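Peer 1: Sharing input.cif here; it has mmCIF, C-alpha atoms and all ligand atoms.
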```cif
data_final
#
loop_
_atom_site.group_PDB
_atom_site.id
_atom_site.type_symbol
_atom_site.label_atom_id
_atom_site.label_comp_id
_atom_site.auth_asym_id
_atom_site.auth_seq_id
_atom_site.Cartn_x
_atom_site.Cartn_y
_atom_site.Cartn_z
ATOM 1 C CA MET A 1 -7.161 -50.347 20.867
ATOM 2 C CA PRO A 2 -9.110 -48.276 18.278
ATOM 3 C CA THR A 3 -9.802 -49.826 14.919
ATOM 4 C CA LEU A 4 -8.397 -48.229 11.818
ATOM 5 C CA VAL A 5 -11.810 -46.766 10.855
ATOM 6 C CA GLU A 6 -12.366 -45.146 14.257
ATOM 7 C CA LYS A 7 -8.885 -43.719 14.238
ATOM 8 C CA SER A 8 -9.242 -42.083 10.804
ATOM 9 C CA SER A 9 -12.664 -40.595 11.550
ATOM 10 C CA ARG A 10 -11.378 -39.136 14.814
ATOM 11 C CA SER A 11 -8.399 -37.448 13.133
ATOM 12 C CA ARG A 12 -10.662 -36.094 10.401
ATOM 13 C CA SER A 13 -12.949 -34.422 12.941
ATOM 14 C CA LYS A 14 -9.902 -32.902 14.575
ATOM 15 C CA ILE A 15 -8.893 -31.297 11.259
ATOM 16 C CA CYS A 16 -12.431 -30.018 10.667
ATOM 17 C CA GLY A 17 -12.434 -28.463 14.113
ATOM 18 C CA LEU A 18 -9.438 -26.342 13.194
ATOM 19 C CA ARG A 19 -10.948 -25.091 9.983
ATOM 20 C CA ARG A 20 -12.376 -21.608 10.191
ATOM 21 C CA GLY A 21 -15.574 -21.619 8.211
ATOM 22 C CA PRO A 22 -18.038 -18.706 8.011
ATOM 23 C CA GLY A 23 -19.815 -20.119 11.069
ATOM 24 C CA ARG A 24 -16.678 -19.719 13.191
ATOM 25 C CA THR A 25 -15.989 -16.070 12.408
ATOM 26 C CA ASN A 26 -14.513 -14.166 15.308
ATOM 27 C CA PRO A 27 -16.884 -11.521 16.796
ATOM 28 C CA SER A 28 -14.239 -8.809 16.361
ATOM 29 C CA THR A 29 -14.104 -9.661 12.637
ATOM 30 C CA VAL A 30 -17.853 -9.055 12.458
ATOM 31 C CA ASP A 31 -17.365 -5.589 13.998
ATOM 32 C CA LEU A 32 -14.444 -4.818 11.714
ATOM 33 C CA ARG A 33 -16.394 -5.851 8.619
ATOM 34 C CA ALA A 34 -19.342 -3.671 9.652
ATOM 35 C CA ARG A 35 -17.031 -0.678 10.108
ATOM 36 C CA VAL A 36 -15.304 -1.256 6.773
ATOM 37 C CA LYS A 37 -18.693 -1.603 5.033
ATOM 38 C CA LYS A 38 -19.779 1.731 6.499
ATOM 39 C CA MET A 39 -16.559 3.488 5.436
ATOM 40 C CA MET A 40 -16.768 2.006 1.940
ATOM 41 C CA ARG A 41 -20.354 3.288 1.560
ATOM 42 C CA ARG A 42 -19.071 6.730 2.528
ATOM 43 C CA THR A 43 -16.386 6.483 -0.175
ATOM 44 C CA PHE A 44 -19.154 6.095 -2.767
ATOM 45 C CA GLU A 45 -21.351 8.767 -1.184
ATOM 46 C CA GLY A 46 -23.393 10.632 -3.774
ATOM 47 C CA ALA A 47 -23.584 7.676 -6.146
ATOM 48 C CA PRO A 48 -27.116 6.271 -6.518
ATOM 49 C CA ALA A 49 -26.019 2.784 -5.473
ATOM 50 C CA ALA A 50 -23.561 3.811 -2.727
ATOM 51 C CA GLU A 51 -25.086 1.317 -0.293
ATOM 52 C CA THR A 52 -24.777 -1.657 -2.649
ATOM 53 C CA LEU A 53 -21.345 -0.600 -3.933
ATOM 54 C CA GLY A 54 -19.886 -0.176 -0.449
ATOM 55 C CA GLY A 55 -21.208 -3.574 0.594
ATOM 56 C CA GLY A 56 -20.052 -5.197 -2.649
ATOM 57 C CA VAL A 57 -16.514 -3.888 -2.350
ATOM 58 C CA GLU A 58 -16.288 -4.981 1.279
ATOM 59 C CA ILE A 59 -17.393 -8.530 0.364
ATOM 60 C CA ALA A 60 -14.797 -8.574 -2.433
ATOM 61 C CA ILE A 61 -12.038 -7.474 -0.020
ATOM 62 C CA TYR A 62 -13.117 -10.102 2.494
ATOM 63 C CA GLU A 63 -13.284 -12.922 -0.028
ATOM 64 C CA HIS A 64 -10.047 -11.958 -1.723
ATOM 65 C CA THR A 65 -8.040 -11.792 1.509
ATOM 66 C CA ARG A 66 -9.715 -14.905 2.917
ATOM 67 C CA ALA A 67 -8.660 -16.898 -0.118
ATOM 68 C CA SER A 68 -5.050 -16.628 1.024
ATOM 69 C CA ASN A 69 -5.536 -16.179 4.789
ATOM 70 C CA CYS A 70 -7.754 -17.545 7.510
ATOM 71 C CA LEU A 71 -9.351 -14.293 8.569
ATOM 72 C CA ASP A 72 -9.586 -14.257 12.330
ATOM 73 C CA ALA A 73 -8.665 -11.752 15.021
ATOM 74 C CA SER A 74 -4.946 -12.444 14.743
ATOM 75 C CA ASP A 75 -4.759 -12.270 10.979
ATOM 76 C CA GLU A 76 -6.813 -9.295 9.864
ATOM 77 C CA SER A 77 -3.883 -7.285 8.567
ATOM 78 C CA ALA A 78 -4.223 -8.340 4.907
ATOM 79 C CA TYR A 79 -7.904 -7.380 4.993
ATOM 80 C CA LYS A 80 -7.197 -4.022 6.647
ATOM 81 C CA ASP A 81 -4.306 -3.224 4.293
ATOM 82 C CA LEU A 82 -6.326 -3.937 1.170
ATOM 83 C CA PHE A 83 -9.176 -1.810 2.504
ATOM 84 C CA LYS A 84 -6.808 1.114 3.170
ATOM 85 C CA VAL A 85 -5.245 0.905 -0.297
ATOM 86 C CA LEU A 86 -8.687 0.886 -1.913
ATOM 87 C CA GLN A 87 -10.086 3.682 0.235
ATOM 88 C CA ILE A 88 -7.115 5.960 -0.497
ATOM 89 C CA ASN A 89 -7.126 5.317 -4.229
ATOM 90 C CA LEU A 90 -10.910 5.514 -4.624
ATOM 91 C CA SER A 91 -11.015 8.866 -2.868
ATOM 92 C CA ARG A 92 -7.990 10.267 -4.714
ATOM 93 C CA ASN A 93 -8.801 8.987 -8.158
ATOM 94 C CA PRO A 94 -12.277 10.030 -9.351
ATOM 95 C CA GLU A 95 -11.854 8.001 -12.561
ATOM 96 C CA LEU A 96 -11.304 4.797 -10.621
ATOM 97 C CA CYS A 97 -14.326 5.546 -8.444
ATOM 98 C CA LYS A 98 -16.458 6.322 -11.520
ATOM 99 C CA ALA A 99 -15.431 3.047 -13.188
ATOM 100 C CA VAL A 100 -16.792 1.153 -10.172
ATOM 101 C CA VAL A 101 -19.952 3.290 -9.978
ATOM 102 C CA ASP A 102 -20.640 2.838 -13.713
ATOM 103 C CA GLY A 103 -20.157 -0.910 -13.421
ATOM 104 C CA ARG A 104 -17.177 -0.957 -15.786
ATOM 105 C CA LEU A 105 -14.998 -2.267 -12.962
ATOM 106 C CA ALA A 106 -16.480 -5.037 -10.829
ATOM 107 C CA PRO A 107 -15.528 -5.053 -7.115
ATOM 108 C CA ARG A 108 -13.911 -8.502 -7.512
ATOM 109 C CA ASP A 109 -11.652 -7.066 -10.265
ATOM 110 C CA LEU A 110 -10.976 -3.875 -8.303
ATOM 111 C CA VAL A 111 -9.546 -5.820 -5.348
ATOM 112 C CA ARG A 112 -7.187 -7.726 -7.665
ATOM 113 C CA MET A 113 -5.728 -4.568 -9.238
ATOM 114 C CA ASP A 114 -2.093 -3.620 -8.823
ATOM 115 C CA PRO A 115 -2.097 -0.499 -6.575
ATOM 116 C CA ALA A 116 0.170 1.180 -9.152
ATOM 117 C CA ASP A 117 -2.689 0.971 -11.674
ATOM 118 C CA MET A 118 -5.146 2.565 -9.245
ATOM 119 C CA ILE A 119 -3.234 5.831 -9.146
ATOM 120 C CA SER A 120 -4.727 8.660 -11.161
ATOM 121 C CA ALA A 121 -2.868 10.098 -14.154
ATOM 122 C CA ARG A 122 -1.830 13.175 -12.159
ATOM 123 C CA ASP A 123 -0.505 11.104 -9.279
ATOM 124 C CA SER A 124 1.410 8.762 -11.558
ATOM 125 C CA GLU A 125 3.021 11.786 -13.226
ATOM 126 C CA ARG A 126 4.204 12.897 -9.811
ATOM 127 C CA THR A 127 5.455 9.385 -9.002
ATOM 128 C CA ASN A 128 7.428 9.335 -12.257
ATOM 129 C CA LEU A 129 8.906 12.723 -11.449
ATOM 130 C CA LEU A 130 10.000 11.474 -8.034
ATOM 131 C CA LYS A 131 11.465 8.352 -9.627
ATOM 132 C CA ARG A 132 13.378 10.471 -12.159
ATOM 133 C CA ARG A 133 14.712 12.667 -9.376
ATOM 134 C CA ALA A 134 15.820 9.665 -7.348
ATOM 135 C CA LEU A 135 17.655 8.341 -10.407
ATOM 136 C CA GLU A 136 19.229 11.736 -11.014
ATOM 137 C CA ASP A 137 20.523 11.805 -7.457
ATOM 138 C CA VAL A 138 22.115 8.402 -7.885
ATOM 139 C CA GLN A 139 23.862 9.587 -11.039
ATOM 140 C CA VAL A 140 25.513 12.527 -9.282
ATOM 141 C CA PRO A 141 29.252 12.159 -9.844
ATOM 142 C CA GLN A 142 31.132 11.457 -6.666
ATOM 143 C CA VAL A 143 33.533 14.379 -6.895
ATOM 144 C CA PRO A 144 35.307 14.513 -3.563
ATOM 145 C CA MET A 145 35.191 17.912 -1.925
ATOM 146 C CA ASP A 146 36.400 19.213 1.357
ATOM 147 C CA GLU A 147 34.559 17.836 4.293
ATOM 148 C CA THR A 148 32.454 20.332 6.213
ATOM 149 C CA ASP A 149 30.538 20.410 9.465
ATOM 150 C CA GLN A 150 28.172 23.042 8.071
ATOM 151 C CA PHE A 151 25.526 20.423 7.337
ATOM 152 C CA GLN A 152 24.023 17.855 9.613
ATOM 153 C CA CYS A 153 22.793 14.605 8.094
ATOM 154 C CA THR A 154 19.115 14.087 8.857
ATOM 155 C CA ARG A 155 19.534 10.321 8.739
ATOM 156 C CA CYS A 156 22.526 9.612 10.960
ATOM 157 C CA LYS A 157 22.808 13.063 12.611
ATOM 158 C CA ARG A 158 26.561 13.230 11.972
ATOM 159 C CA ARG A 159 28.241 16.351 10.673
ATOM 160 C CA ARG A 160 30.661 14.762 8.231
ATOM 161 C CA CYS A 161 29.399 15.976 4.881
ATOM 162 C CA VAL A 162 30.804 16.954 1.532
ATOM 163 C CA TYR A 163 29.081 19.199 -0.964
ATOM 164 C CA PHE A 164 29.394 19.578 -4.669
ATOM 165 C CA GLN A 165 27.618 21.299 -7.502
ATOM 166 C CA LYS A 166 26.098 19.773 -10.549
ATOM 167 C CA GLN A 167 24.341 21.035 -13.660
ATOM 168 C CA THR A 168 21.080 19.130 -13.595
ATOM 169 C CA ARG A 169 18.719 20.258 -16.361
ATOM 170 C CA CYS A 170 19.243 22.993 -18.972
ATOM 171 C CA ALA A 171 22.652 24.615 -19.125
ATOM 172 C CA ASP A 172 21.130 28.052 -18.528
ATOM 173 C CA GLU A 173 19.699 26.982 -15.162
ATOM 174 C CA PRO A 174 21.814 27.614 -12.077
ATOM 175 C CA MET A 175 23.962 24.785 -10.731
ATOM 176 C CA THR A 176 22.400 22.619 -8.062
ATOM 177 C CA THR A 177 24.307 22.057 -4.858
ATOM 178 C CA PHE A 178 24.258 18.588 -3.404
ATOM 179 C CA VAL A 179 25.352 17.546 0.043
ATOM 180 C CA GLN A 180 26.413 14.023 0.797
ATOM 181 C CA CYS A 181 26.929 12.464 4.193
ATOM 182 C CA ARG A 182 30.241 10.643 4.404
ATOM 183 C CA GLU A 183 28.929 8.283 7.054
ATOM 184 C CA CYS A 184 25.746 6.933 5.539
ATOM 185 C CA LYS A 185 25.997 8.285 1.978
ATOM 186 C CA LYS A 186 22.633 10.048 2.169
ATOM 187 C CA THR A 187 22.592 12.688 -0.578
ATOM 188 C CA TRP A 188 20.302 15.689 -0.749
ATOM 189 C CA ARG A 189 19.909 19.009 -2.509
ATOM 190 C CA CYS A 190 20.386 22.272 -0.712
HETATM 191 ZN ZN ZN B 201 24.371 10.379 7.442
#
```
Starting from the file, lay out its structure as structure tokens.

Peer 2:
Amino acid sequence: MPTLVEKSSRSRSKICGLRRGPGRTNPSTVDLRARVKKMMRRTFEGAPAAETLGGGVEIAIYEHTRASNCLDASDESAYKDLFKVLQINLSRNPELCKAVVDGRLAPRDLVRMDPADMISARDSERTNLLKRRALEDVQVPQVPMDETDQFQCTRCKRRRCVYFQKQTRCADEPMTTFVQCRECKKTWRC
């Protein structure tokens, strides 16, 4: 029968064996990280320190996602997702990219940013416009009209729709016609 000391040391080694330290990194993770590093360098192409910046951002992504996940072959999604978000926003928003290049925004702070704050001014204007439009559509009064099979709903493919007109913006603008599906309540302009 094992003594208490032997028993506890054996269970401790079992726990350590499960831990994924840097020495136990999956080979596919190594490949993935190398690819991400290369793509990040390309994102900063033209900047004098593109090489360092690309590598620095990749390390920040890796460390940030590893803090909450054990990064191995089966759990790389958080790492990949964060990389995609950063790549898209860095390439679309020159100001964000410049802040990193100038050193005003450290890679470790970049990876912690809310994606909504990464969007450029022009993009956020467009997002607000889309949000306003979505709100407007919700506020359309539900005036019942005759059902028609003239329109097919793109969501549920049924032809049970009603349409109605509404004055949206200035009074001198023409009325906007809305169609609403009776089945799934999808509403669109036509
Ligand atoms: Zn529908």

Peer 1: Counting only C-alpha atoms, which residue out of A:Val57, A:Glu183, A:Asn26, A:Arg189 sits closest to A:Lys38?

Peer 2: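 The answer is A:Val57, which sits nearest to A:Lys38.
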
Peer 1: As an exercise, work out the distance from atom CA of A:Phe178 to atom CA of A:Cys161 in Å and give it to one decimal place.

Peer 2: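 Between atom CA of A:Phe178 and atom CA of A:Cys161 the gap works out to 10.1 Å.
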
Peer 1: Could you jot down the atom CA of A:Asn93 to atom CA of A:Arg122 separation for me, Å, one decimal place?

Peer 2: 9.1 Å

Peer 1: Which residue out of A:Cys153, A:Gly56, A:Val162, A:Cys97 has the minimum interatomic distance to ligand ZN 201 (chain B) when all atoms listed in the file are used?

Peer 2: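 Comparing A:Cys153, A:Gly56, A:Val162, A:Cys97 against ligand ZN 201 (chain B), the winner is A:Cys153.
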
Peer 1: So that I can check the surroundings of A:Leu86, please list as number ranges by chain every protein, DNA and RNA residue that reaches within 10 Å of it, counting all atoms listed in the file and ignoring chain neighbours fewer than 2 positions away.

Peer 2: A: 40, 43, 57, 61, 80-84, 88-92, 96-97, 110-111, 113, 115, 118

Peer 1: Which chain A residues have any atom within 6 Å of an atom of ligand ZN 201 (chain B), and for each, what is the nearest pair of atoms with distance in Å to one decimal, counting only C-alpha atoms and all ligand atoms, rows sorted by chain and number, as CSV?

Peer 2:
```
residue,atom,partner,partner_atom,distance
A:Cys153,CA,B:ZN201,ZN,4.6
A:Arg155,CA,B:ZN201,ZN,5.0
A:Cys156,CA,B:ZN201,ZN,4.0
A:Arg158,CA,B:ZN201,ZN,5.8
A:Cys181,CA,B:ZN201,ZN,4.6
A:Glu183,CA,B:ZN201,ZN,5.0
A:Cys184,CA,B:ZN201,ZN,4.2
A:Lys186,CA,B:ZN201,ZN,5.6
```

Peer 1: Taking all atoms listed in the file into account, name the residue in A:Arg112, A:Arg126, A:Arg160, A:Arg182 that is nearest to A:Ala67.

Peer 2: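 Between A:Arg112, A:Arg126, A:Arg160, A:Arg182, the residue approaching A:Ala67 most closely is A:Arg112.
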
Peer 1: What is the distance between atom CA of A:Ala49 and atom CA of A:Val85, in Å to one decimal?

Peer 2: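 Those two atoms sit 21.5 Å apart.
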
Peer 1: Give the answer as one residue: which of A:Leu130, A:Arg66, A:Tyr79, A:Ala47 has the shortest atom-to-atom distance to A:Pro94, using all atoms listed in the file?

Peer 2: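 Once distances to A:Pro94 are computed over all atoms listed in the file, the minimum belongs to A:Ala47.
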
Peer 1: Taking the file above as input, evaluate the PyMOL selection byres (((chain A and resi 149) around 8) and not hetatm) and report the hits as number ranges by chain.

Peer 2: A: 147-148, 150-152, 159-161

Peer 1: Apply the PyMOL selection byres (((chain A and resi 101) around 8) and not hetatm) to the file shown and report the selected residues as a PyMOL selection string.

Peer 2: chain A and resi 44+47+49+53+97-100+102-104

Peer 1: I need the output of the PyMOL selection byres (((chain A and resi 37) around 9) and not hetatm) for this file as a list in words; which residues are they?

Peer 2: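 Expected selection for the PyMOL selection byres (((chain A and resi 37) around 9) and not hetatm) here is Leu32, Arg33, Ala34, Arg35, Val36, Lys38, Met39, Met40, Arg41, Arg42, Glu51, Gly54, Gly55, Gly56, Val57, Glu58 and Ile59 of chain A.
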
Peer 1: Counting all atoms listed in the file, note down every residue that has an atom within 7 Å of the point (-15.0, -11.1, -7.6) (file coordinates), as a list in words.

Peer 2: Ala60, Pro107, Arg108 and Asp109 of chain A
